[in-house]
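Shown next: upload11.csv, given as CSV, C-alpha atoms.
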```
chain,number,residue,atom,x,y,z
C,1,MET,CA,-37.7,-31.8,-16.8
C,2,ARG,CA,-36.7,-28.3,-15.9
C,3,MET,CA,-40.4,-27.3,-16.4
C,4,GLY,CA,-41.1,-29.3,-13.2
C,5,LEU,CA,-43.1,-32.1,-14.8
C,6,PHE,CA,-41.3,-34.8,-12.7
C,7,ASP,CA,-41.9,-32.9,-9.5
C,8,HIS,CA,-45.6,-32.9,-10.2
C,9,LEU,CA,-45.6,-36.6,-11.1
C,10,ASP,CA,-43.6,-37.3,-8.0
C,11,LEU,CA,-41.0,-39.2,-10.0
C,12,LYS,CA,-37.3,-39.1,-9.8
C,13,PRO,CA,-35.6,-38.6,-13.3
C,14,THR,CA,-33.1,-41.3,-14.0
C,15,LEU,CA,-30.9,-39.0,-15.9
C,16,GLY,CA,-29.1,-36.0,-14.4
C,17,ILE,CA,-30.2,-32.6,-15.7
C,18,THR,CA,-28.7,-29.2,-15.9
C,19,GLU,CA,-31.1,-26.7,-14.6
C,20,HIS,CA,-31.3,-23.5,-16.6
C,21,GLU,CA,-32.3,-20.2,-15.2
C,22,GLU,CA,-36.0,-19.7,-15.9
C,23,ALA,CA,-36.0,-15.9,-16.1
C,24,GLY,CA,-36.5,-14.8,-19.6
C,25,ARG,CA,-37.1,-18.3,-20.9
C,26,PHE,CA,-40.1,-20.0,-19.4
C,27,VAL,CA,-42.8,-20.2,-16.7
C,28,PRO,CA,-42.5,-23.6,-15.0
C,29,LEU,CA,-45.4,-26.0,-14.8
C,30,THR,CA,-47.6,-24.6,-12.1
C,31,ASN,CA,-50.7,-26.0,-10.4
C,32,ILE,CA,-53.6,-23.5,-9.8
C,33,ARG,CA,-56.6,-24.5,-7.8
C,34,THR,CA,-58.2,-21.3,-6.7
C,35,SER,CA,-59.1,-17.9,-7.9
C,36,LYS,CA,-56.6,-16.4,-5.5
C,37,GLY,CA,-54.0,-18.8,-6.8
C,38,LEU,CA,-54.6,-17.6,-10.3
C,39,SER,CA,-54.2,-13.9,-9.4
C,40,GLU,CA,-51.0,-14.8,-7.6
C,41,ALA,CA,-49.7,-16.8,-10.5
C,42,ILE,CA,-50.3,-14.1,-13.0
C,43,ALA,CA,-48.6,-11.5,-10.7
C,44,ASN,CA,-45.6,-13.7,-9.9
C,45,LEU,CA,-45.0,-15.9,-13.0
C,46,ILE,CA,-45.5,-13.8,-16.0
C,47,PRO,CA,-42.7,-11.3,-15.0
C,48,LEU,CA,-40.4,-14.3,-15.3
C,49,LEU,CA,-40.6,-14.0,-19.1
C,50,HIS,CA,-39.2,-10.5,-18.9
C,51,ALA,CA,-41.6,-9.5,-21.7
C,52,PRO,CA,-42.7,-6.0,-22.5
C,53,PRO,CA,-46.4,-5.2,-21.9
C,54,SER,CA,-47.3,-5.7,-25.6
C,55,VAL,CA,-46.2,-9.3,-25.1
C,56,ALA,CA,-47.0,-9.9,-21.5
C,57,ASP,CA,-50.6,-8.6,-21.7
C,58,PRO,CA,-51.9,-11.3,-24.1
C,59,ILE,CA,-50.2,-14.0,-22.0
C,60,LYS,CA,-51.9,-12.7,-18.8
C,61,TYR,CA,-55.2,-12.4,-20.7
C,62,VAL,CA,-55.0,-16.0,-22.0
C,63,PHE,CA,-53.9,-17.4,-18.6
C,64,SER,CA,-56.8,-15.7,-16.8
C,65,GLU,CA,-59.5,-16.6,-19.3
C,66,MET,CA,-58.4,-20.2,-19.7
C,67,VAL,CA,-57.7,-21.0,-16.1
C,68,ARG,CA,-61.0,-19.3,-14.9
C,69,ASN,CA,-62.7,-21.6,-17.4
C,70,VAL,CA,-61.1,-24.6,-15.6
C,71,LEU,CA,-61.9,-23.3,-12.1
C,72,GLU,CA,-65.6,-22.5,-13.0
C,73,HIS,CA,-66.6,-25.2,-15.5
C,74,SER,CA,-64.3,-28.2,-15.5
C,75,GLY,CA,-64.9,-29.7,-12.1
C,76,SER,CA,-61.3,-30.7,-12.1
C,77,SER,CA,-60.2,-32.1,-8.7
C,78,VAL,CA,-56.6,-31.2,-9.5
C,79,GLY,CA,-57.3,-27.7,-10.7
C,80,ALA,CA,-55.4,-26.4,-13.7
C,81,PHE,CA,-51.8,-26.9,-14.7
C,82,VAL,CA,-50.2,-24.1,-16.7
C,83,CYS,CA,-46.8,-23.4,-18.2
C,84,ALA,CA,-45.2,-21.1,-20.9
C,85,GLN,CA,-42.1,-21.1,-22.9
C,86,TYR,CA,-40.4,-18.4,-25.0
C,87,TYR,CA,-38.7,-19.6,-28.2
C,88,LYS,CA,-36.2,-16.9,-29.2
C,89,GLY,CA,-35.5,-18.2,-32.7
C,90,SER,CA,-39.1,-18.0,-33.8
C,91,ASN,CA,-40.1,-15.1,-31.5
C,92,THR,CA,-42.9,-17.2,-30.2
C,93,ILE,CA,-44.4,-17.8,-26.7
C,94,ALA,CA,-46.2,-21.1,-26.2
C,95,VAL,CA,-48.7,-21.3,-23.4
C,96,GLY,CA,-50.3,-24.6,-22.2
C,97,ILE,CA,-53.2,-25.1,-19.9
C,98,ALA,CA,-54.5,-28.6,-18.9
C,99,ASP,CA,-57.1,-30.0,-16.5
C,100,GLY,CA,-58.4,-33.3,-15.4
C,101,GLY,CA,-62.1,-32.3,-15.3
C,102,ILE,CA,-65.3,-33.4,-17.0
C,103,GLY,CA,-64.2,-32.3,-20.5
C,104,VAL,CA,-65.8,-30.1,-23.1
C,105,LEU,CA,-68.5,-32.7,-24.1
C,106,ASN,CA,-69.9,-33.1,-20.5
C,107,SER,CA,-69.6,-29.4,-19.9
C,108,MET,CA,-71.5,-28.5,-23.1
C,109,GLN,CA,-74.1,-31.2,-22.6
C,110,ARG,CA,-75.4,-29.4,-19.5
C,111,SER,CA,-77.0,-26.9,-21.8
C,112,HIS,CA,-76.6,-28.0,-25.5
C,113,ALA,CA,-77.6,-31.0,-27.5
C,114,VAL,CA,-74.1,-32.3,-28.6
C,115,THR,CA,-73.2,-35.9,-28.7
C,116,THR,CA,-69.5,-36.2,-29.5
C,117,PRO,CA,-66.3,-34.4,-28.1
C,118,ALA,CA,-65.6,-33.0,-31.6
C,119,GLU,CA,-69.1,-31.6,-32.0
C,120,ALA,CA,-68.9,-30.1,-28.5
C,121,ILE,CA,-65.5,-28.5,-29.2
C,122,MET,CA,-66.7,-26.8,-32.4
C,123,ARG,CA,-69.8,-25.5,-30.5
C,124,ALA,CA,-67.7,-24.2,-27.6
C,125,LEU,CA,-65.5,-22.2,-30.0
C,126,ARG,CA,-68.5,-20.3,-31.2
C,127,PRO,CA,-68.8,-16.8,-29.5
C,128,GLY,CA,-71.8,-16.5,-27.3
C,129,VAL,CA,-72.1,-20.2,-26.6
C,130,SER,CA,-71.5,-21.3,-23.0
C,131,GLY,CA,-71.9,-24.6,-21.3
C,132,ALA,CA,-73.5,-22.8,-18.4
C,133,THR,CA,-76.6,-21.8,-20.3
C,134,ASN,CA,-78.4,-22.5,-23.6
C,135,ARG,CA,-79.1,-18.8,-24.0
C,136,ILE,CA,-77.1,-17.2,-26.8
C,137,GLY,CA,-74.8,-14.5,-25.4
C,138,GLY,CA,-74.4,-16.4,-22.1
C,139,ASN,CA,-75.7,-15.5,-18.6
C,140,GLU,CA,-74.8,-13.0,-16.0
C,141,ARG,CA,-71.4,-14.6,-15.3
C,142,ASN,CA,-70.5,-16.4,-18.5
C,143,ALA,CA,-70.4,-15.0,-22.0
C,144,GLY,CA,-69.1,-18.1,-23.8
C,145,ALA,CA,-66.4,-16.0,-25.4
C,146,GLY,CA,-63.1,-17.0,-23.8
C,147,LEU,CA,-62.2,-19.7,-26.3
C,148,PHE,CA,-63.2,-17.5,-29.2
C,149,PHE,CA,-60.9,-14.7,-28.0
C,150,THR,CA,-58.0,-17.1,-27.3
C,151,LYS,CA,-58.4,-18.7,-30.8
C,152,SER,CA,-58.5,-15.2,-32.3
C,153,ILE,CA,-55.3,-14.1,-30.5
C,154,ALA,CA,-53.5,-17.1,-32.1
C,155,ALA,CA,-55.1,-16.4,-35.5
C,156,LEU,CA,-54.0,-12.8,-35.5
C,157,SER,CA,-50.5,-13.9,-34.5
C,158,ARG,CA,-50.6,-16.4,-37.3
C,159,ARG,CA,-49.7,-19.1,-34.8
C,160,PHE,CA,-51.2,-22.4,-33.6
C,161,PHE,CA,-54.1,-22.9,-31.3
C,162,VAL,CA,-55.2,-26.4,-30.2
C,163,ILE,CA,-57.9,-27.7,-27.9
C,164,TYR,CA,-58.0,-31.4,-27.0
C,165,SER,CA,-60.8,-33.0,-25.0
C,166,GLY,CA,-62.1,-36.5,-24.8
C,167,ASP,CA,-61.1,-38.2,-28.1
C,168,ALA,CA,-61.1,-35.1,-30.2
C,169,ALA,CA,-58.8,-32.2,-31.0
C,170,PHE,CA,-59.2,-29.0,-33.0
C,171,LYS,CA,-56.1,-27.4,-34.3
C,172,LEU,CA,-56.0,-23.9,-35.9
C,173,LEU,CA,-53.4,-24.0,-38.6
C,174,ARG,CA,-51.0,-21.3,-39.5
C,175,THR,CA,-51.9,-19.0,-42.4
C,176,LYS,CA,-49.4,-17.5,-44.8
C,177,GLU,CA,-48.2,-13.9,-44.2
C,178,GLU,CA,-49.4,-12.8,-47.6
C,179,VAL,CA,-53.0,-13.8,-46.8
C,180,ALA,CA,-54.9,-11.4,-44.5
C,181,ALA,CA,-55.6,-13.0,-41.1
C,182,GLN,CA,-59.3,-14.0,-40.9
C,183,LEU,CA,-61.3,-14.3,-37.7
C,184,ASN,CA,-64.3,-16.5,-38.0
C,185,ALA,CA,-67.2,-16.8,-35.5
C,186,ASP,CA,-67.8,-20.3,-37.0
C,187,ALA,CA,-64.6,-22.3,-36.5
C,188,THR,CA,-65.5,-24.6,-39.4
C,189,ALA,CA,-64.5,-21.6,-41.6
C,190,ASP,CA,-61.0,-21.4,-40.1
C,191,LYS,CA,-58.1,-23.1,-41.7
C,192,HIS,CA,-58.1,-26.0,-39.2
C,193,ARG,CA,-57.8,-29.7,-38.6
C,194,LEU,CA,-60.4,-31.5,-36.5
C,195,ARG,CA,-59.6,-35.1,-35.4
C,196,SER,CA,-61.6,-37.7,-33.5
C,197,GLY,CA,-60.6,-41.1,-32.3
C,198,LEU,CA,-57.5,-39.9,-30.5
C,199,PRO,CA,-56.3,-41.3,-27.2
C,200,HIS,CA,-58.8,-40.3,-24.5
C,201,TRP,CA,-58.0,-37.3,-22.4
C,202,GLN,CA,-60.4,-37.0,-19.4
C,203,GLY,CA,-60.3,-33.2,-19.1
C,204,THR,CA,-59.3,-30.5,-21.5
C,205,VAL,CA,-56.0,-29.2,-22.8
C,206,VAL,CA,-55.5,-25.9,-24.5
C,207,GLY,CA,-52.3,-24.8,-26.3
C,208,ILE,CA,-51.7,-21.4,-27.9
C,209,ASP,CA,-48.7,-19.9,-29.6
C,210,MET,CA,-48.4,-16.1,-29.8
C,211,SER,CA,-45.9,-14.1,-31.7
C,212,VAL,CA,-43.6,-11.8,-29.8
C,213,GLU,CA,-43.9,-8.6,-31.8
C,214,GLU,CA,-43.2,-5.4,-30.0
C,215,GLY,CA,-45.2,-2.5,-31.3
C,216,VAL,CA,-48.3,-4.5,-32.1
C,217,GLU,CA,-50.5,-3.3,-29.2
C,218,PHE,CA,-52.9,-5.8,-27.6
C,219,ALA,CA,-55.6,-3.2,-27.8
C,220,GLU,CA,-55.3,-3.4,-31.6
C,221,LEU,CA,-55.7,-7.2,-31.5
C,222,LEU,CA,-58.8,-6.9,-29.3
C,223,ALA,CA,-60.3,-4.3,-31.6
C,224,ARG,CA,-60.0,-6.7,-34.5
C,225,ILE,CA,-61.6,-9.4,-32.4
C,226,ARG,CA,-64.5,-7.1,-31.5
C,227,GLU,CA,-65.2,-6.6,-35.2
C,228,ALA,CA,-65.4,-10.3,-35.8
C,229,TYR,CA,-67.4,-11.1,-32.6
C,230,GLN,CA,-70.8,-12.2,-33.8
C,231,ILE,CA,-73.3,-14.1,-31.7
C,232,ASP,CA,-75.8,-14.6,-34.5
C,233,VAL,CA,-75.5,-15.4,-38.2
C,234,LYS,CA,-77.2,-12.1,-38.9
C,235,LYS,CA,-75.2,-9.2,-37.5
C,236,SER,CA,-77.1,-6.4,-35.8
C,237,LYS,CA,-77.3,-3.2,-38.0
C,238,LYS,CA,-77.2,-1.1,-34.8
C,239,GLU,CA,-73.8,0.1,-33.5
C,240,TYR,CA,-74.8,0.2,-29.8
C,241,PHE,CA,-71.2,0.7,-28.7
C,242,LYS,CA,-71.2,4.2,-30.2
C,243,GLN,CA,-73.8,5.3,-27.6
C,244,ILE,CA,-71.5,4.4,-24.7
C,245,ARG,CA,-70.3,7.4,-22.7
C,246,PHE,CA,-66.6,7.6,-21.9
C,247,SER,CA,-64.8,10.5,-20.2
J,1,MET,CA,-62.2,0.2,-9.6
J,2,VAL,CA,-58.4,-0.3,-9.2
J,3,GLU,CA,-58.8,-0.6,-5.4
J,4,GLU,CA,-61.2,-3.5,-5.9
J,5,SER,CA,-59.7,-5.2,-8.9
J,6,GLY,CA,-56.0,-4.4,-9.0
J,7,VAL,CA,-54.3,-3.1,-12.2
J,8,PHE,CA,-55.2,-6.3,-14.0
J,9,ALA,CA,-59.0,-6.5,-13.5
J,10,GLU,CA,-59.7,-10.2,-14.1
J,11,ASP,CA,-61.3,-11.6,-11.0
J,12,LYS,CA,-64.9,-12.2,-12.0
J,13,ASP,CA,-66.0,-12.6,-8.4
J,14,VAL,CA,-64.9,-9.0,-7.7
J,15,ALA,CA,-66.9,-8.0,-10.8
J,16,ALA,CA,-70.0,-9.9,-9.7
J,17,VAL,CA,-69.9,-8.3,-6.3
J,18,LEU,CA,-69.7,-4.8,-7.8
J,19,ARG,CA,-72.6,-5.7,-10.2
J,20,THR,CA,-74.9,-7.1,-7.6
J,21,LYS,CA,-74.1,-4.7,-4.8
J,22,VAL,CA,-73.6,-1.4,-6.6
J,23,ILE,CA,-74.2,-1.2,-10.4
J,24,GLY,CA,-77.4,-3.3,-10.7
J,25,PRO,CA,-79.3,-1.8,-7.8
J,26,SER,CA,-78.3,1.7,-8.8
J,27,LEU,CA,-79.3,1.4,-12.4
J,28,SER,CA,-82.6,-0.3,-11.5
J,29,ARG,CA,-83.5,2.8,-9.4
J,30,ASN,CA,-82.6,5.0,-12.4
J,31,HIS,CA,-79.5,6.4,-10.7
J,32,LYS,CA,-76.5,7.3,-12.8
J,33,VAL,CA,-73.3,5.2,-12.2
J,34,ALA,CA,-69.8,6.2,-13.0
J,35,ILE,CA,-67.2,3.4,-13.3
J,36,ASP,CA,-63.7,4.7,-13.0
J,37,PHE,CA,-61.0,2.5,-14.6
J,38,ASP,CA,-58.1,4.8,-13.6
J,39,GLU,CA,-54.8,2.8,-13.2
J,40,VAL,CA,-56.4,-0.4,-14.6
J,41,THR,CA,-54.0,-1.3,-17.3
J,42,LEU,CA,-55.6,-4.6,-18.4
J,43,THR,CA,-58.8,-6.4,-18.1
J,44,THR,CA,-60.6,-9.4,-19.7
J,45,GLN,CA,-63.8,-9.7,-21.6
J,46,SER,CA,-65.1,-12.1,-18.9
J,47,PHE,CA,-64.5,-9.5,-16.2
J,48,VAL,CA,-66.3,-6.7,-18.1
J,49,HIS,CA,-69.1,-9.2,-18.9
J,50,ALA,CA,-69.5,-10.1,-15.3
J,51,LEU,CA,-69.5,-6.4,-14.4
J,52,ILE,CA,-72.1,-5.0,-16.8
J,53,SER,CA,-73.7,-7.4,-19.2
J,54,LYS,CA,-76.7,-8.3,-17.1
J,55,PRO,CA,-77.7,-4.7,-16.2
J,56,VAL,CA,-77.2,-3.7,-19.8
J,57,ARG,CA,-79.4,-6.5,-20.9
J,58,ASP,CA,-82.0,-5.8,-18.3
J,59,LEU,CA,-82.3,-2.1,-19.0
J,60,GLY,CA,-81.5,-2.2,-22.7
J,61,GLU,CA,-80.2,1.0,-24.4
J,62,ARG,CA,-81.5,3.0,-21.4
J,63,SER,CA,-78.6,1.7,-19.4
J,64,LEU,CA,-76.2,3.6,-21.7
J,65,ASP,CA,-77.7,6.9,-20.6
J,66,LEU,CA,-77.1,6.0,-17.0
J,67,LEU,CA,-73.6,4.5,-17.2
J,68,LEU,CA,-70.4,6.6,-17.5
J,69,PHE,CA,-67.0,4.9,-18.0
J,70,LYS,CA,-64.1,7.1,-16.8
J,71,ASN,CA,-60.4,7.0,-17.5
J,72,CYS,CA,-60.4,3.9,-19.7
J,73,SER,CA,-57.3,2.9,-21.6
J,74,ALA,CA,-57.9,1.9,-25.3
J,75,LEU,CA,-57.9,-1.7,-24.3
J,76,VAL,CA,-60.4,-1.3,-21.5
J,77,GLN,CA,-62.6,0.9,-23.7
J,78,GLY,CA,-62.5,-1.7,-26.5
J,79,LEU,CA,-63.6,-4.5,-24.2
J,80,ILE,CA,-66.5,-2.4,-22.8
J,81,GLU,CA,-67.6,-1.7,-26.4
J,82,THR,CA,-67.5,-5.4,-27.2
J,83,VAL,CA,-69.5,-6.5,-24.2
J,84,VAL,CA,-72.2,-3.7,-24.6
J,85,GLN,CA,-72.5,-4.5,-28.3
J,86,TYR,CA,-73.1,-8.2,-28.0
J,87,SER,CA,-75.2,-7.8,-24.8
J,88,LEU,CA,-77.7,-5.6,-26.7
J,89,GLU,CA,-77.5,-7.8,-29.8
J,90,ALA,CA,-78.5,-10.7,-27.5
J,91,VAL,CA,-81.6,-8.7,-26.4
J,92,GLU,CA,-82.4,-8.0,-30.0
J,93,LEU,CA,-82.1,-11.7,-30.7
J,94,ALA,CA,-84.3,-12.7,-27.8
J,95,GLU,CA,-87.0,-10.3,-29.0
J,96,GLU,CA,-87.1,-11.7,-32.5
J,97,PRO,CA,-90.3,-13.7,-33.2
```
Final structure tokens representation of the file:
Amino acid sequence: MRMGLFDHLDLKPTLGITEHEEAGRFVPLTNIRTSKGLSEAIANLIPLLHAPPSVADPIKYVFSEMVRNVLEHSGSSVGAFVCAQYYKGSNTIAVGIADGGIGVLNSMQRSHAVTTPAEAIMRALRPGVSGATNRIGGNERNAGAGLFFTKSIAALSRRFFVIYSGDAAFKLLRTKEEVAAQLNADATADKHRLRSGLPHWQGTVVGIDMSVEEGVEFAELLARIREAYQIDVKKSKKEYFKQIRFS
Amino acid sequence: MVEESGVFAEDKDVAAVLRTKVIGPSLSRNHKVAIDFDEVTLTTQSFVHALISKPVRDLGERSLDLLLFKNCSALVQGLIETVVQYSLEAVELAEEP
């Protein structure tokens, strides 16, 4: 209730509640409908978690990538709803993003031959695959990489990632600490559970848990993701990135 | 860059304007372009993609002789490397028989 769910549903809770201070604990349920609203939400809400940059940066990153997906592809008339909660005991931050748009199947069907929500979700998780184009690697605006990066952030944190749309849900399962974290371009190779026949959700819901480990820089996580990023089964032999000029 | 994008460079509309108004036209005329990420502490793969992927694809490896990225943090540099790598791999893929 303290998250603000009843406010958004325009319902009055029948039980009295004690409102806790949100600072350092959670980001309340927030509705974002525009690009400007997203920028303001990132600037105003993430500081509520009182997290150091190594923790706040991946949260900002996921908020931005997932909410921009909603604003650009979902056709959601209600925009995106986001929230986040810090769990001190497990040192975990859980982030949720939901919309009431066309869903992953309809979005992917604009450019790809997929017939079920489960098939569409698995295709959408693959890097380089975007609902905006059938061209591998995306077009000038969309790379088809946001979901892969988000899933990878969860995988490297050894935490959960879930995407639910239509009647299907993909859940990335936790891996044991003693097993090296694997990043797979093909989500079927992930330790996961894919279910169909679930209650229908009109749009898309994404949930991600991230560990709160100070000292593990976000740049290191992204470097690992780059190594795993592969738009084709056959990886290029050429290391183009070494030709880039930085100063 | 920071004047246009803020310290968290994530607004793809800003990136698209810089690409279509400055970066793309300059590179297509064979002019060098320096992109300065001074004070940008965080960005997203989507922002960098919207900024440079199309001109890198259009010009291929030649674009890397014309582009210079200045004052990049490790994070920003890593994302630029990712986008350039997969953009040129996509060109390779498209050219395959």
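Selecting chain C residues within 7 Å of chain J and counting all atoms listed in the file yields C:Tyr61, C:Ser64, C:Ile136, C:Gly137, C:Glu140, C:Arg141, C:Asn142, C:Ala143, C:Ala219, C:Leu222, C:Ala223, C:Arg226, C:Ile231, C:Ser236, C:Tyr240, C:Phe241, C:Gln243, C:Ile244, C:Arg245, C:Phe246, C:Ser247.
Between atom CA of C:Arg159 and atom CA of C:Met108 the separation is 26.5 Å.
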For atom CA of C:Asp186 and atom CA of C:Ile208, the interatomic separation in Å (one decimal): 18.5 Å
Can you tell me, as a PDB file with C-alpha atoms, in the coordinates of the input, what residues are no more than 9 Å from C:Asp209 when counting only C-alpha atoms, ignoring any on the same chain fewer than 4 positions away?
```pdb
ATOM      1  CA  THR C  92     -42.900 -17.200 -30.200  1.00  0.00           C
ATOM      2  CA  ILE C  93     -44.400 -17.800 -26.700  1.00  0.00           C
ATOM      3  CA  ALA C  94     -46.200 -21.100 -26.200  1.00  0.00           C
ATOM      4  CA  VAL C  95     -48.700 -21.300 -23.400  1.00  0.00           C
ATOM      5  CA  GLY C  96     -50.300 -24.600 -22.200  1.00  0.00           C
ATOM      6  CA  ILE C 153     -55.300 -14.100 -30.500  1.00  0.00           C
ATOM      7  CA  ALA C 154     -53.500 -17.100 -32.100  1.00  0.00           C
ATOM      8  CA  SER C 157     -50.500 -13.900 -34.500  1.00  0.00           C
ATOM      9  CA  ARG C 158     -50.600 -16.400 -37.300  1.00  0.00           C
ATOM     10  CA  ARG C 159     -49.700 -19.100 -34.800  1.00  0.00           C
ATOM     11  CA  PHE C 160     -51.200 -22.400 -33.600  1.00  0.00           C
ATOM     12  CA  PHE C 161     -54.100 -22.900 -31.300  1.00  0.00           C
TER      13      PHE C 161
END
```
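Atom pair atom CA of C:Ser196 / atom CA of C:Thr116: separated by 9.0 Å.
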Residues within 10 Å of C:Gly79, all atoms listed in the file, excluding chain neighbours under 5 positions, as number ranges by chain: C: 31-34, 67, 70-71, 74, 98-101
Write a file of the just-selected residues containing C-alpha atoms, as a PDB file, in the frame of the given file.
```
ATOM      1  CA  ASN C  31     -50.700 -26.000 -10.400  1.00  0.00           C
ATOM      2  CA  ILE C  32     -53.600 -23.500  -9.800  1.00  0.00           C
ATOM      3  CA  ARG C  33     -56.600 -24.500  -7.800  1.00  0.00           C
ATOM      4  CA  THR C  34     -58.200 -21.300  -6.700  1.00  0.00           C
ATOM      5  CA  VAL C  67     -57.700 -21.000 -16.100  1.00  0.00           C
ATOM      6  CA  VAL C  70     -61.100 -24.600 -15.600  1.00  0.00           C
ATOM      7  CA  LEU C  71     -61.900 -23.300 -12.100  1.00  0.00           C
ATOM      8  CA  SER C  74     -64.300 -28.200 -15.500  1.00  0.00           C
ATOM      9  CA  ALA C  98     -54.500 -28.600 -18.900  1.00  0.00           C
ATOM     10  CA  ASP C  99     -57.100 -30.000 -16.500  1.00  0.00           C
ATOM     11  CA  GLY C 100     -58.400 -33.300 -15.400  1.00  0.00           C
ATOM     12  CA  GLY C 101     -62.100 -32.300 -15.300  1.00  0.00           C
TER      13      GLY C 101
END
```
Spatial neighbours of stretch 129-133 of chain C, max dist 10 Å, all atoms listed in the file, sep filter under 2 positions, as a PDB file with C-alpha atoms, in the frame of the given file:
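Okay, result_5.pdb is ready:
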```
ATOM      1  CA  GLU C  72     -65.600 -22.500 -13.000  1.00  0.00           C
ATOM      2  CA  HIS C  73     -66.600 -25.200 -15.500  1.00  0.00           C
ATOM      3  CA  VAL C 104     -65.800 -30.100 -23.100  1.00  0.00           C
ATOM      4  CA  LEU C 105     -68.500 -32.700 -24.100  1.00  0.00           C
ATOM      5  CA  ASN C 106     -69.900 -33.100 -20.500  1.00  0.00           C
ATOM      6  CA  SER C 107     -69.600 -29.400 -19.900  1.00  0.00           C
ATOM      7  CA  MET C 108     -71.500 -28.500 -23.100  1.00  0.00           C
ATOM      8  CA  GLN C 109     -74.100 -31.200 -22.600  1.00  0.00           C
ATOM      9  CA  ARG C 110     -75.400 -29.400 -19.500  1.00  0.00           C
ATOM     10  CA  SER C 111     -77.000 -26.900 -21.800  1.00  0.00           C
ATOM     11  CA  HIS C 112     -76.600 -28.000 -25.500  1.00  0.00           C
ATOM     12  CA  ALA C 120     -68.900 -30.100 -28.500  1.00  0.00           C
ATOM     13  CA  ARG C 123     -69.800 -25.500 -30.500  1.00  0.00           C
ATOM     14  CA  ALA C 124     -67.700 -24.200 -27.600  1.00  0.00           C
ATOM     15  CA  LEU C 125     -65.500 -22.200 -30.000  1.00  0.00           C
ATOM     16  CA  ARG C 126     -68.500 -20.300 -31.200  1.00  0.00           C
ATOM     17  CA  PRO C 127     -68.800 -16.800 -29.500  1.00  0.00           C
ATOM     18  CA  ARG C 135     -79.100 -18.800 -24.000  1.00  0.00           C
ATOM     19  CA  ILE C 136     -77.100 -17.200 -26.800  1.00  0.00           C
ATOM     20  CA  GLY C 137     -74.800 -14.500 -25.400  1.00  0.00           C
ATOM     21  CA  GLY C 138     -74.400 -16.400 -22.100  1.00  0.00           C
ATOM     22  CA  ASN C 139     -75.700 -15.500 -18.600  1.00  0.00           C
ATOM     23  CA  GLU C 140     -74.800 -13.000 -16.000  1.00  0.00           C
ATOM     24  CA  ARG C 141     -71.400 -14.600 -15.300  1.00  0.00           C
ATOM     25  CA  ASN C 142     -70.500 -16.400 -18.500  1.00  0.00           C
ATOM     26  CA  ALA C 143     -70.400 -15.000 -22.000  1.00  0.00           C
ATOM     27  CA  GLY C 144     -69.100 -18.100 -23.800  1.00  0.00           C
ATOM     28  CA  ALA C 145     -66.400 -16.000 -25.400  1.00  0.00           C
ATOM     29  CA  GLY C 146     -63.100 -17.000 -23.800  1.00  0.00           C
ATOM     30  CA  LEU C 147     -62.200 -19.700 -26.300  1.00  0.00           C
ATOM     31  CA  PHE C 148     -63.200 -17.500 -29.200  1.00  0.00           C
ATOM     32  CA  ILE C 231     -73.300 -14.100 -31.700  1.00  0.00           C
TER      33      ILE C 231
END
```
Spatial neighbours of J:Val14, 7 Å, only C-alpha atoms, chain gap at least 3 places, as a PyMOL selection string: chain J and resi 4-5+11+17-18
Got a sec: who's within 9 Å of stretch 41-49 of chain C, counting all atoms listed in the file, leaving out chain neighbours fewer than 3 positions off, as a short mmCIF file (atom, residue, chain, number, x, y, z; two decimals) with C-alpha atoms, in the frame of the given file?
```cif
data_model
loop_
_atom_site.label_atom_id
_atom_site.label_comp_id
_atom_site.auth_asym_id
_atom_site.auth_seq_id
_atom_site.Cartn_x
_atom_site.Cartn_y
_atom_site.Cartn_z
CA GLU C 22 -36.00 -19.70 -15.90
CA ALA C 23 -36.00 -15.90 -16.10
CA GLY C 24 -36.50 -14.80 -19.60
CA ARG C 25 -37.10 -18.30 -20.90
CA PHE C 26 -40.10 -20.00 -19.40
CA VAL C 27 -42.80 -20.20 -16.70
CA PRO C 28 -42.50 -23.60 -15.00
CA THR C 30 -47.60 -24.60 -12.10
CA ILE C 32 -53.60 -23.50 -9.80
CA LYS C 36 -56.60 -16.40 -5.50
CA GLY C 37 -54.00 -18.80 -6.80
CA LEU C 38 -54.60 -17.60 -10.30
CA PRO C 52 -42.70 -6.00 -22.50
CA ALA C 56 -47.00 -9.90 -21.50
CA ILE C 59 -50.20 -14.00 -22.00
CA LYS C 60 -51.90 -12.70 -18.80
CA PHE C 63 -53.90 -17.40 -18.60
CA SER C 64 -56.80 -15.70 -16.80
CA ALA C 84 -45.20 -21.10 -20.90
CA GLN C 85 -42.10 -21.10 -22.90
CA TYR C 86 -40.40 -18.40 -25.00
#
```
